[in-house]
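J.: Structure below; questions to follow.
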Amino acid sequence: MQLRILGMNGPFPAALGATSGYLLTAGKTAIALDMGSGVLSRLTSYTAPESLTALVLSHWHADHACDVLPLIYRLESTGQTLHIYAPIDKSSPIRQAVLNCRQIILHDISAGDTINLGDVTAEVFSARHPVPAVMLRFTHQNHSLFYTGDTNTVDHLIGACRHADLLLADGLFTEELWAPQKPHLSARLCAETAQAADVARLVITHLNPTIDPTTLLRQARAIRPDAVLAREGDVYTL
């Protein structure tokens, strides 16, 4: 499998940046993972969105799903269909727009589901966030990517991502800014999770442009010296 970073900011993009969005490929399978602001144009530079095996959304917050709206226009113009997998959030206007689009086949997912997406299998786990949200483990030929989406601490996180080849984790906060009631992990908590779960690599994402990245990286590397911050355009082979 290959993971390409299309966007890695949250909850808003840096100048010329993009919020959450990733492209996962394995053989002839291509899966878009989240589609925040600025992600559709970056995705289109690598593959036609309508040719995707699926788009999987961790949740419906705008910084993870707002480019689904212009994607609807593209699908309506081409007449082609796309499968989208996402948790149920009836409060989301983006989800409502998807339900009204004939070119999109929406699949509701929840914790405990296992999804077959071409050559890739995705296992779904619950996340802790203000809206319904999920974490996902993608597996292909005994290699796995675990994506936290947006979450704070949950008891099952370490077990769910154990021995993953790559942990793509929401580490928005510094130690000083994090609190148990916040909607995201800290970079240090991501590193502690990676260490406890014995994952091979840790990539910290969902980076707030107003929070110093050098502090995030320093705090993560105090636990995992090999931790890195996500950068747009980076590619990881699993």
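Residues in the structure tokens are numbered from 1 in each chain, the chains being A, B, ... in the order shown, and ligands are numbered from 1 in the order shown.
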Report as JSON lines: every residue of segment 148-191 of chain A with an atom at most 10 Å from segment 52-58 of chain A, its closest pair of atoms, and their distance in Å to one decimal, counting only C-alpha atoms, with rows sorted by chain and ascending residue number.
T.:
{"residue": "A:Thr148", "atom": "CA", "partner": "A:Ser58", "partner_atom": "CA", "distance": 8.2}
{"residue": "A:Gly149", "atom": "CA", "partner": "A:Ser58", "partner_atom": "CA", "distance": 5.5}
{"residue": "A:Asp150", "atom": "CA", "partner": "A:Ser58", "partner_atom": "CA", "distance": 7.6}
J.: Put those residues in a file: C-alpha atoms, as a CSV table (one decimal), in the first residue's frame.
T.:
chain,number,residue,atom,x,y,z
A,148,THR,CA,-7.4,8.0,14.1
A,149,GLY,CA,-9.5,10.6,12.3
A,150,ASP,CA,-10.3,13.2,15.0
J.: So that I can see what lies close to segment 86-90 of chain A, please list as a list in words the residues with an atom at most 8 Å from it, counting only C-alpha atoms and leaving out residues fewer than 5 positions away in the same chain.
T.: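 Near neighbours after the sequence-gap exclusion: Val56, Leu57, Ser58, His59, Trp60, Arg95, Gln96, Leu106, His107, Asp108, Ile109, Ser110, Val131, Pro132, Ala133 and Val134 of chain A.
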J.: Please save C-alpha atoms of the selected residues as a short mmCIF file (atom, residue, chain, number, x, y, z; two decimals), in the first residue's frame.
T.:
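As written to disk, selection-v4.cif reads:
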data_model
loop_
_atom_site.label_atom_id
_atom_site.label_comp_id
_atom_site.auth_asym_id
_atom_site.auth_seq_id
_atom_site.Cartn_x
_atom_site.Cartn_y
_atom_site.Cartn_z
CA VAL A 56 -14.14 7.01 3.23
CA LEU A 57 -14.96 9.81 5.69
CA SER A 58 -13.97 9.63 9.34
CA HIS A 59 -16.75 12.13 10.10
CA TRP A 60 -18.70 14.96 8.51
CA ARG A 95 -24.35 14.50 4.38
CA GLN A 96 -27.78 15.81 3.42
CA LEU A 106 -23.76 6.36 0.57
CA HIS A 107 -22.89 3.52 2.94
CA ASP A 108 -23.41 4.15 6.66
CA ILE A 109 -20.67 2.67 8.82
CA SER A 110 -20.22 2.20 12.56
CA VAL A 131 -19.99 14.47 16.38
CA PRO A 132 -20.26 10.81 15.32
CA ALA A 133 -16.75 9.83 14.19
CA VAL A 134 -14.76 6.69 13.50
#
J.: I need the residues in segment 9-98 of chain A that are helix (DSSP H, G or I) according to DSSP; give them as a count of residues only.
T.: 30
J.: Could you pull out all residues of segment 23-189 of chain A with a DSSP call of strand (DSSP E or B) and give them as a compact mmCIF listing (two decimals) with all heavy atoms, in the first residue's frame?
T.:
# COMPACT_ATOMS: atom_id res chain seq x y z
N LEU A 23 -4.72 9.86 0.17
CA LEU A 23 -5.00 8.91 -0.90
C LEU A 23 -4.25 7.62 -0.58
O LEU A 23 -3.02 7.62 -0.46
CB LEU A 23 -4.54 9.46 -2.25
CG LEU A 23 -4.70 8.53 -3.46
CD1 LEU A 23 -6.17 8.17 -3.68
CD2 LEU A 23 -4.11 9.17 -4.72
N LEU A 24 -5.01 6.53 -0.46
CA LEU A 24 -4.46 5.22 -0.16
C LEU A 24 -4.63 4.33 -1.39
O LEU A 24 -5.74 4.19 -1.90
CB LEU A 24 -5.19 4.61 1.04
CG LEU A 24 -4.70 3.25 1.54
CD1 LEU A 24 -3.29 3.36 2.08
CD2 LEU A 24 -5.65 2.70 2.61
N THR A 25 -3.53 3.77 -1.87
CA THR A 25 -3.58 2.92 -3.05
C THR A 25 -2.94 1.56 -2.76
O THR A 25 -2.00 1.45 -1.98
CB THR A 25 -2.86 3.56 -4.25
OG1 THR A 25 -1.51 3.87 -3.89
CG2 THR A 25 -3.57 4.84 -4.68
N ALA A 26 -3.51 0.54 -3.40
CA ALA A 26 -2.97 -0.82 -3.30
C ALA A 26 -3.37 -1.56 -4.57
O ALA A 26 -4.55 -1.86 -4.77
CB ALA A 26 -3.51 -1.54 -2.07
N THR A 29 -6.64 -0.67 -6.47
CA THR A 29 -7.55 -0.05 -5.51
C THR A 29 -7.05 1.34 -5.15
O THR A 29 -5.87 1.52 -4.85
CB THR A 29 -7.67 -0.91 -4.24
OG1 THR A 29 -8.21 -2.19 -4.60
CG2 THR A 29 -8.57 -0.25 -3.21
N ALA A 30 -7.96 2.31 -5.17
CA ALA A 30 -7.62 3.69 -4.78
C ALA A 30 -8.72 4.21 -3.87
O ALA A 30 -9.89 4.28 -4.28
CB ALA A 30 -7.47 4.59 -6.00
N ILE A 31 -8.34 4.58 -2.66
CA ILE A 31 -9.30 5.04 -1.66
C ILE A 31 -8.93 6.42 -1.20
O ILE A 31 -7.79 6.66 -0.77
CB ILE A 31 -9.30 4.09 -0.43
CG1 ILE A 31 -9.66 2.65 -0.87
CG2 ILE A 31 -10.27 4.58 0.64
CD1 ILE A 31 -9.31 1.60 0.18
N ALA A 32 -9.86 7.37 -1.32
CA ALA A 32 -9.67 8.69 -0.73
C ALA A 32 -10.14 8.61 0.71
O ALA A 32 -11.21 8.06 1.01
CB ALA A 32 -10.44 9.75 -1.50
N LEU A 33 -9.35 9.17 1.59
CA LEU A 33 -9.65 9.13 3.02
C LEU A 33 -9.80 10.56 3.50
O LEU A 33 -8.82 11.31 3.59
CB LEU A 33 -8.52 8.41 3.76
CG LEU A 33 -8.62 8.25 5.27
CD1 LEU A 33 -9.92 7.59 5.67
CD2 LEU A 33 -7.43 7.45 5.78
N ASP A 34 -11.04 10.96 3.75
CA ASP A 34 -11.44 12.33 4.08
C ASP A 34 -11.23 13.26 2.89
O ASP A 34 -10.43 12.99 1.99
CB ASP A 34 -10.73 12.85 5.33
CG ASP A 34 -11.33 12.26 6.61
OD1 ASP A 34 -12.46 11.75 6.55
OD2 ASP A 34 -10.67 12.32 7.66
N MET A 35 -11.99 14.36 2.88
CA MET A 35 -11.92 15.31 1.77
C MET A 35 -12.23 16.71 2.27
O MET A 35 -13.27 17.28 2.00
CB MET A 35 -12.88 14.88 0.64
CG MET A 35 -12.63 15.65 -0.64
SD MET A 35 -13.36 14.90 -2.10
CE MET A 35 -12.28 13.50 -2.34
N ALA A 54 -13.44 4.05 -3.60
CA ALA A 54 -14.36 4.60 -2.61
C ALA A 54 -13.74 5.85 -1.99
O ALA A 54 -12.52 6.06 -2.04
CB ALA A 54 -14.66 3.59 -1.50
N LEU A 55 -14.61 6.65 -1.40
CA LEU A 55 -14.21 7.74 -0.51
C LEU A 55 -14.70 7.34 0.89
O LEU A 55 -15.87 7.02 1.07
CB LEU A 55 -14.84 9.06 -0.94
CG LEU A 55 -14.83 10.21 0.08
CD1 LEU A 55 -13.41 10.60 0.47
CD2 LEU A 55 -15.59 11.42 -0.46
N VAL A 56 -13.79 7.35 1.86
CA VAL A 56 -14.14 7.01 3.23
C VAL A 56 -13.96 8.26 4.09
O VAL A 56 -12.89 8.87 4.08
CB VAL A 56 -13.26 5.86 3.77
CG1 VAL A 56 -13.67 5.51 5.20
CG2 VAL A 56 -13.37 4.64 2.87
N LEU A 82 -20.03 7.25 -7.35
CA LEU A 82 -18.96 7.06 -6.38
C LEU A 82 -19.56 6.52 -5.09
O LEU A 82 -20.61 6.99 -4.64
CB LEU A 82 -18.24 8.39 -6.10
CG LEU A 82 -17.13 8.35 -5.04
CD1 LEU A 82 -15.97 7.47 -5.51
CD2 LEU A 82 -16.64 9.76 -4.72
N HIS A 83 -18.89 5.56 -4.50
CA HIS A 83 -19.30 5.02 -3.21
C HIS A 83 -18.62 5.82 -2.10
O HIS A 83 -17.40 6.00 -2.11
CB HIS A 83 -18.92 3.54 -3.09
CG HIS A 83 -19.67 2.64 -4.01
ND1 HIS A 83 -20.79 1.94 -3.62
CD2 HIS A 83 -19.47 2.34 -5.33
CE1 HIS A 83 -21.24 1.23 -4.63
NE2 HIS A 83 -20.47 1.46 -5.68
N ILE A 84 -19.41 6.29 -1.13
CA ILE A 84 -18.89 6.98 0.05
C ILE A 84 -19.29 6.20 1.29
O ILE A 84 -20.46 5.81 1.44
CB ILE A 84 -19.40 8.43 0.14
CG1 ILE A 84 -18.87 9.27 -1.03
CG2 ILE A 84 -19.00 9.06 1.47
CD1 ILE A 84 -19.31 10.73 -0.99
N TYR A 85 -18.33 5.97 2.17
CA TYR A 85 -18.54 5.29 3.44
C TYR A 85 -18.30 6.29 4.56
O TYR A 85 -17.23 6.92 4.62
CB TYR A 85 -17.59 4.10 3.58
CG TYR A 85 -17.82 3.00 2.56
CD1 TYR A 85 -17.35 3.12 1.25
CD2 TYR A 85 -18.50 1.84 2.91
CE1 TYR A 85 -17.56 2.12 0.32
CE2 TYR A 85 -18.72 0.83 1.98
CZ TYR A 85 -18.25 0.98 0.69
OH TYR A 85 -18.46 -0.02 -0.24
N ALA A 86 -19.26 6.43 5.47
CA ALA A 86 -19.14 7.44 6.53
C ALA A 86 -20.10 7.10 7.66
O ALA A 86 -21.13 6.45 7.46
CB ALA A 86 -19.46 8.83 5.98
N PRO A 87 -19.77 7.57 8.89
CA PRO A 87 -20.70 7.37 10.00
C PRO A 87 -21.96 8.21 9.83
O PRO A 87 -21.94 9.23 9.11
CB PRO A 87 -19.89 7.81 11.22
CG PRO A 87 -18.87 8.75 10.68
CD PRO A 87 -18.54 8.26 9.31
N ILE A 104 -24.01 9.53 -6.03
CA ILE A 104 -23.29 9.02 -4.86
C ILE A 104 -24.10 7.91 -4.19
O ILE A 104 -25.30 8.06 -3.95
CB ILE A 104 -23.00 10.14 -3.84
CG1 ILE A 104 -21.99 11.13 -4.44
CG2 ILE A 104 -22.47 9.56 -2.54
CD1 ILE A 104 -21.69 12.30 -3.53
N ILE A 105 -23.42 6.81 -3.92
CA ILE A 105 -24.01 5.71 -3.16
C ILE A 105 -23.42 5.78 -1.76
O ILE A 105 -22.22 5.54 -1.57
CB ILE A 105 -23.70 4.35 -3.82
CG1 ILE A 105 -24.22 4.34 -5.26
CG2 ILE A 105 -24.32 3.20 -3.01
CD1 ILE A 105 -23.73 3.17 -6.08
N LEU A 106 -24.23 6.15 -0.79
CA LEU A 106 -23.76 6.36 0.57
C LEU A 106 -23.95 5.10 1.39
O LEU A 106 -25.04 4.54 1.46
CB LEU A 106 -24.50 7.53 1.23
CG LEU A 106 -24.10 7.84 2.67
CD1 LEU A 106 -22.63 8.24 2.76
CD2 LEU A 106 -25.00 8.94 3.25
N HIS A 107 -22.87 4.69 2.05
CA HIS A 107 -22.89 3.52 2.94
C HIS A 107 -22.65 4.01 4.37
O HIS A 107 -21.60 4.61 4.65
CB HIS A 107 -21.80 2.52 2.56
CG HIS A 107 -21.85 2.06 1.14
ND1 HIS A 107 -22.48 0.88 0.75
CD2 HIS A 107 -21.35 2.62 0.00
CE1 HIS A 107 -22.35 0.74 -0.56
NE2 HIS A 107 -21.67 1.77 -1.04
N ASP A 108 -23.59 3.78 5.25
CA ASP A 108 -23.41 4.15 6.66
C ASP A 108 -22.53 3.11 7.35
O ASP A 108 -22.73 1.91 7.17
CB ASP A 108 -24.77 4.22 7.36
CG ASP A 108 -25.67 5.29 6.79
OD1 ASP A 108 -25.15 6.35 6.38
OD2 ASP A 108 -26.90 5.07 6.75
N ILE A 109 -21.56 3.59 8.12
CA ILE A 109 -20.67 2.67 8.82
C ILE A 109 -20.66 3.00 10.31
O ILE A 109 -20.96 4.12 10.72
CB ILE A 109 -19.23 2.72 8.26
CG1 ILE A 109 -18.62 4.13 8.39
CG2 ILE A 109 -19.22 2.24 6.82
CD1 ILE A 109 -17.16 4.21 7.98
N THR A 114 -16.69 -4.28 9.21
CA THR A 114 -15.55 -4.58 8.35
C THR A 114 -15.99 -4.37 6.92
O THR A 114 -17.02 -4.91 6.49
CB THR A 114 -15.05 -6.02 8.55
OG1 THR A 114 -14.62 -6.18 9.91
CG2 THR A 114 -13.87 -6.32 7.63
N ILE A 115 -15.22 -3.58 6.18
CA ILE A 115 -15.61 -3.17 4.83
C ILE A 115 -14.58 -3.69 3.84
O ILE A 115 -13.37 -3.53 4.04
CB ILE A 115 -15.68 -1.63 4.70
CG1 ILE A 115 -16.45 -1.02 5.87
CG2 ILE A 115 -16.31 -1.23 3.38
CD1 ILE A 115 -16.18 0.47 6.02
N ASN A 116 -15.04 -4.29 2.76
CA ASN A 116 -14.16 -4.71 1.68
C ASN A 116 -14.16 -3.65 0.60
O ASN A 116 -15.20 -3.36 -0.01
CB ASN A 116 -14.61 -6.06 1.12
CG ASN A 116 -14.45 -7.18 2.13
OD1 ASN A 116 -13.43 -7.27 2.81
ND2 ASN A 116 -15.46 -8.04 2.24
N LEU A 117 -12.99 -3.06 0.37
CA LEU A 117 -12.83 -1.99 -0.60
C LEU A 117 -11.79 -2.43 -1.62
O LEU A 117 -10.59 -2.17 -1.47
CB LEU A 117 -12.39 -0.69 0.10
CG LEU A 117 -13.30 -0.19 1.22
CD1 LEU A 117 -12.63 0.93 1.99
CD2 LEU A 117 -14.64 0.26 0.66
N VAL A 120 -8.44 -3.93 -0.44
CA VAL A 120 -8.18 -3.45 0.91
C VAL A 120 -9.37 -3.75 1.81
O VAL A 120 -10.52 -3.61 1.41
CB VAL A 120 -7.89 -1.93 0.90
CG1 VAL A 120 -7.72 -1.39 2.32
CG2 VAL A 120 -6.65 -1.63 0.07
N THR A 121 -9.07 -4.17 3.04
CA THR A 121 -10.10 -4.37 4.06
C THR A 121 -9.99 -3.26 5.10
O THR A 121 -8.89 -2.91 5.53
CB THR A 121 -9.92 -5.73 4.75
OG1 THR A 121 -10.04 -6.77 3.78
CG2 THR A 121 -10.99 -5.93 5.82
N ALA A 122 -11.13 -2.69 5.47
CA ALA A 122 -11.15 -1.62 6.48
C ALA A 122 -11.97 -2.06 7.68
O ALA A 122 -13.12 -2.49 7.53
CB ALA A 122 -11.74 -0.34 5.89
N GLU A 123 -11.37 -1.97 8.86
CA GLU A 123 -12.07 -2.23 10.12
C GLU A 123 -12.41 -0.89 10.77
O GLU A 123 -11.59 0.03 10.78
CB GLU A 123 -11.20 -3.04 11.06
CG GLU A 123 -10.83 -4.41 10.53
CD GLU A 123 -9.79 -5.07 11.41
OE1 GLU A 123 -10.17 -5.64 12.45
OE2 GLU A 123 -8.59 -5.00 11.06
N VAL A 124 -13.60 -0.78 11.33
CA VAL A 124 -14.12 0.48 11.85
C VAL A 124 -14.15 0.45 13.38
O VAL A 124 -14.65 -0.52 13.98
CB VAL A 124 -15.53 0.77 11.30
CG1 VAL A 124 -16.02 2.14 11.75
CG2 VAL A 124 -15.54 0.66 9.76
N PHE A 125 -13.65 1.53 13.99
CA PHE A 125 -13.62 1.65 15.46
C PHE A 125 -14.22 3.01 15.84
O PHE A 125 -14.10 3.99 15.10
CB PHE A 125 -12.18 1.57 15.97
CG PHE A 125 -11.47 0.29 15.62
CD1 PHE A 125 -10.81 0.17 14.41
CD2 PHE A 125 -11.48 -0.77 16.49
CE1 PHE A 125 -10.15 -1.01 14.07
CE2 PHE A 125 -10.83 -1.97 16.17
CZ PHE A 125 -10.17 -2.08 14.95
N SER A 126 -14.81 3.08 17.01
CA SER A 126 -15.40 4.33 17.46
C SER A 126 -14.32 5.31 17.89
O SER A 126 -13.28 4.93 18.45
CB SER A 126 -16.36 4.08 18.62
OG SER A 126 -15.68 3.50 19.72
N VAL A 134 -15.35 8.02 13.44
CA VAL A 134 -14.76 6.69 13.50
C VAL A 134 -13.26 6.76 13.25
O VAL A 134 -12.74 7.70 12.66
CB VAL A 134 -15.41 5.72 12.48
CG1 VAL A 134 -16.88 5.52 12.80
CG2 VAL A 134 -15.21 6.21 11.05
N MET A 135 -12.57 5.72 13.72
CA MET A 135 -11.19 5.44 13.39
C MET A 135 -11.19 4.22 12.47
O MET A 135 -12.12 3.41 12.51
CB MET A 135 -10.37 5.18 14.65
CG MET A 135 -10.46 6.29 15.68
SD MET A 135 -9.37 6.03 17.11
CE MET A 135 -10.16 4.61 17.89
N LEU A 136 -10.14 4.07 11.67
CA LEU A 136 -10.15 3.01 10.66
C LEU A 136 -8.79 2.35 10.56
O LEU A 136 -7.75 3.01 10.60
CB LEU A 136 -10.53 3.59 9.30
CG LEU A 136 -11.93 4.20 9.23
CD1 LEU A 136 -11.88 5.59 8.64
CD2 LEU A 136 -12.86 3.30 8.43
N ARG A 137 -8.83 1.02 10.41
CA ARG A 137 -7.62 0.25 10.15
C ARG A 137 -7.74 -0.38 8.78
O ARG A 137 -8.64 -1.21 8.54
CB ARG A 137 -7.39 -0.82 11.22
CG ARG A 137 -6.08 -1.59 11.03
CD ARG A 137 -5.79 -2.50 12.20
NE ARG A 137 -4.49 -3.16 12.03
CZ ARG A 137 -3.58 -3.25 12.99
NH1 ARG A 137 -3.82 -2.73 14.19
NH2 ARG A 137 -2.43 -3.86 12.77
N PHE A 138 -6.85 0.00 7.86
CA PHE A 138 -6.86 -0.50 6.49
C PHE A 138 -5.76 -1.55 6.35
O PHE A 138 -4.60 -1.31 6.72
CB PHE A 138 -6.60 0.65 5.51
CG PHE A 138 -7.66 1.71 5.52
CD1 PHE A 138 -7.53 2.82 6.35
CD2 PHE A 138 -8.78 1.62 4.71
CE1 PHE A 138 -8.50 3.81 6.37
CE2 PHE A 138 -9.76 2.60 4.73
CZ PHE A 138 -9.62 3.70 5.56
N THR A 139 -6.11 -2.70 5.77
CA THR A 139 -5.17 -3.81 5.65
C THR A 139 -5.12 -4.32 4.22
O THR A 139 -6.16 -4.48 3.57
CB THR A 139 -5.55 -4.96 6.60
OG1 THR A 139 -5.61 -4.46 7.94
CG2 THR A 139 -4.55 -6.10 6.53
N HIS A 140 -3.89 -4.58 3.76
CA HIS A 140 -3.67 -5.17 2.44
C HIS A 140 -2.43 -6.04 2.53
O HIS A 140 -1.35 -5.56 2.88
CB HIS A 140 -3.48 -4.08 1.38
CG HIS A 140 -3.02 -4.59 0.03
ND1 HIS A 140 -3.83 -5.32 -0.78
CD2 HIS A 140 -1.83 -4.47 -0.60
CE1 HIS A 140 -3.18 -5.63 -1.89
NE2 HIS A 140 -1.95 -5.13 -1.80
N HIS A 143 -0.20 -5.89 5.58
CA HIS A 143 0.30 -4.56 5.96
C HIS A 143 -0.90 -3.69 6.31
O HIS A 143 -1.96 -3.78 5.68
CB HIS A 143 1.10 -3.94 4.82
CG HIS A 143 2.37 -4.69 4.51
ND1 HIS A 143 3.49 -4.60 5.31
CD2 HIS A 143 2.66 -5.55 3.51
CE1 HIS A 143 4.44 -5.37 4.80
NE2 HIS A 143 3.96 -5.96 3.71
N SER A 144 -0.72 -2.81 7.31
CA SER A 144 -1.87 -2.05 7.78
C SER A 144 -1.54 -0.59 8.07
O SER A 144 -0.44 -0.26 8.54
CB SER A 144 -2.47 -2.70 9.03
OG SER A 144 -1.52 -2.74 10.07
N LEU A 145 -2.51 0.24 7.80
CA LEU A 145 -2.51 1.66 8.15
C LEU A 145 -3.63 1.88 9.15
O LEU A 145 -4.77 1.45 8.92
CB LEU A 145 -2.77 2.52 6.90
CG LEU A 145 -3.24 3.96 7.16
CD1 LEU A 145 -2.10 4.80 7.70
CD2 LEU A 145 -3.82 4.58 5.89
N PHE A 146 -3.32 2.55 10.25
CA PHE A 146 -4.37 2.93 11.20
C PHE A 146 -4.51 4.44 11.18
O PHE A 146 -3.53 5.17 11.36
CB PHE A 146 -4.06 2.45 12.62
CG PHE A 146 -5.25 2.56 13.53
CD1 PHE A 146 -6.12 1.50 13.69
CD2 PHE A 146 -5.53 3.74 14.21
CE1 PHE A 146 -7.24 1.60 14.51
CE2 PHE A 146 -6.64 3.86 15.02
CZ PHE A 146 -7.50 2.78 15.18
N TYR A 147 -5.74 4.91 10.98
CA TYR A 147 -6.05 6.33 10.92
C TYR A 147 -7.00 6.68 12.05
O TYR A 147 -8.10 6.13 12.13
CB TYR A 147 -6.67 6.67 9.56
CG TYR A 147 -7.12 8.10 9.41
CD1 TYR A 147 -6.31 9.17 9.77
CD2 TYR A 147 -8.38 8.39 8.86
CE1 TYR A 147 -6.72 10.48 9.61
CE2 TYR A 147 -8.80 9.69 8.69
CZ TYR A 147 -7.97 10.74 9.06
OH TYR A 147 -8.39 12.04 8.91
N LEU A 166 1.82 1.72 10.00
CA LEU A 166 1.84 3.18 10.09
C LEU A 166 0.63 3.64 10.88
O LEU A 166 -0.50 3.20 10.60
CB LEU A 166 1.86 3.83 8.70
CG LEU A 166 2.18 5.32 8.63
CD1 LEU A 166 2.85 5.66 7.30
CD2 LEU A 166 0.93 6.18 8.79
N LEU A 167 0.87 4.51 11.83
CA LEU A 167 -0.20 5.15 12.60
C LEU A 167 -0.26 6.61 12.16
O LEU A 167 0.69 7.37 12.35
CB LEU A 167 0.07 5.06 14.09
CG LEU A 167 -0.84 5.88 15.02
CD1 LEU A 167 -2.29 5.45 14.89
CD2 LEU A 167 -0.38 5.77 16.48
N LEU A 168 -1.38 6.98 11.54
CA LEU A 168 -1.64 8.36 11.12
C LEU A 168 -2.57 8.95 12.16
O LEU A 168 -3.76 8.62 12.19
CB LEU A 168 -2.28 8.36 9.72
CG LEU A 168 -2.60 9.71 9.09
CD1 LEU A 168 -1.34 10.53 8.85
CD2 LEU A 168 -3.36 9.51 7.78
N ALA A 169 -2.03 9.81 13.02
CA ALA A 169 -2.73 10.16 14.26
C ALA A 169 -2.96 11.65 14.40
O ALA A 169 -2.10 12.48 14.06
CB ALA A 169 -1.93 9.64 15.46
N ASP A 170 -4.12 11.98 14.93
CA ASP A 170 -4.54 13.35 15.21
C ASP A 170 -3.79 13.88 16.43
O ASP A 170 -4.16 13.58 17.55
CB ASP A 170 -6.06 13.36 15.43
CG ASP A 170 -6.58 14.65 16.05
OD1 ASP A 170 -5.88 15.68 15.99
OD2 ASP A 170 -7.71 14.62 16.58
N PHE A 173 -2.78 19.06 19.49
CA PHE A 173 -2.43 19.89 20.64
C PHE A 173 -1.02 19.64 21.16
O PHE A 173 -0.50 18.51 21.10
CB PHE A 173 -3.41 19.63 21.79
CG PHE A 173 -4.79 20.16 21.55
CD1 PHE A 173 -5.88 19.30 21.52
CD2 PHE A 173 -5.02 21.52 21.37
CE1 PHE A 173 -7.16 19.77 21.31
CE2 PHE A 173 -6.29 22.00 21.16
CZ PHE A 173 -7.37 21.14 21.13
N SER A 186 -3.01 15.03 21.81
CA SER A 186 -1.79 15.83 21.71
C SER A 186 -0.75 15.03 20.94
O SER A 186 -0.85 13.80 20.79
CB SER A 186 -1.24 16.17 23.10
OG SER A 186 -0.77 14.99 23.74
J.: Taking 6 positions as the minimum chain separation for residues in the same chain, which residues sit within 10 Å of Gly79 of chain A when counting only C-alpha atoms? Answer as number ranges by chain.
T.: A: 50, 73, 102-103
J.: Measuring between only C-alpha atoms, which one of A:Thr151, A:Asn100, A:Thr193, A:Thr215 shows the shortest distance to Leu69 of chain A?
T.: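 Looking only at the distances to Leu69 of chain A, the closest residue turns out to be A:Asn100.
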J.: Any chance you could tabulate, as JSON lines, the residues of segment 35-142 of chain A at most 9 Å from segment 15-21 of chain A with each one's nearest atom pair and distance in Å to one decimal, using only C-alpha atoms, in chain and rising number order?
T.:
{"residue": "A:Met35", "atom": "CA", "partner": "A:Gly21", "partner_atom": "CA", "distance": 4.9}
{"residue": "A:Gly36", "atom": "CA", "partner": "A:Thr19", "partner_atom": "CA", "distance": 5.0}
{"residue": "A:Ser37", "atom": "CA", "partner": "A:Thr19", "partner_atom": "CA", "distance": 5.4}
{"residue": "A:Gly38", "atom": "CA", "partner": "A:Ala18", "partner_atom": "CA", "distance": 4.7}
{"residue": "A:Val39", "atom": "CA", "partner": "A:Gly21", "partner_atom": "CA", "distance": 5.7}
{"residue": "A:Leu40", "atom": "CA", "partner": "A:Gly21", "partner_atom": "CA", "distance": 8.5}
{"residue": "A:Arg42", "atom": "CA", "partner": "A:Ala18", "partner_atom": "CA", "distance": 8.9}
{"residue": "A:Leu43", "atom": "CA", "partner": "A:Gly21", "partner_atom": "CA", "distance": 8.5}
{"residue": "A:Asp63", "atom": "CA", "partner": "A:Thr19", "partner_atom": "CA", "distance": 5.6}
{"residue": "A:His64", "atom": "CA", "partner": "A:Ser20", "partner_atom": "CA", "distance": 5.2}
{"residue": "A:Ala65", "atom": "CA", "partner": "A:Ser20", "partner_atom": "CA", "distance": 8.3}
J.: Quick one: residues within 7 Å of segment 222-235 of chain A, only C-alpha atoms counted, chain neighbours fewer than 3 positions away excluded, as a compact mmCIF listing (two decimals) with C-alpha atoms, in the first residue's frame?
T.:
# COMPACT_ATOMS: atom_id res chain seq x y z
CA GLN A 2 0.97 3.61 -0.49
CA LEU A 3 -0.35 6.56 1.49
CA ARG A 4 -0.12 10.04 0.00
CA ILE A 5 -0.75 13.15 2.11
CA LEU A 6 -3.10 15.51 0.25
CA GLY A 7 -3.97 17.78 3.18
CA MET A 8 -2.98 17.75 6.84
CA ALA A 191 3.72 9.12 20.50
CA GLU A 192 2.77 7.32 23.71
CA GLN A 195 5.05 3.26 21.59
CA LEU A 202 4.11 7.38 13.44
CA VAL A 203 2.90 10.31 11.35
CA ILE A 204 1.20 13.11 13.28
CA THR A 205 -1.45 15.01 11.36
CA LEU A 217 7.57 17.40 17.09
CA ARG A 218 9.85 17.91 20.10
CA GLN A 219 7.20 16.64 22.50
J.: Which value, in Å to one decimal, gives the distance between atom CA of Ala14 of chain A and atom CA of Pro183 of chain A?
T.: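 Value for the atom CA of Ala14 of chain A-atom CA of Pro183 of chain A distance: 19.9 Å.
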J.: Counting only C-alpha atoms, figure out which residue out of A:His163, A:Arg128, A:His156, A:Arg221 gets nearest to Lys182 of chain A.
T.: A:Arg128
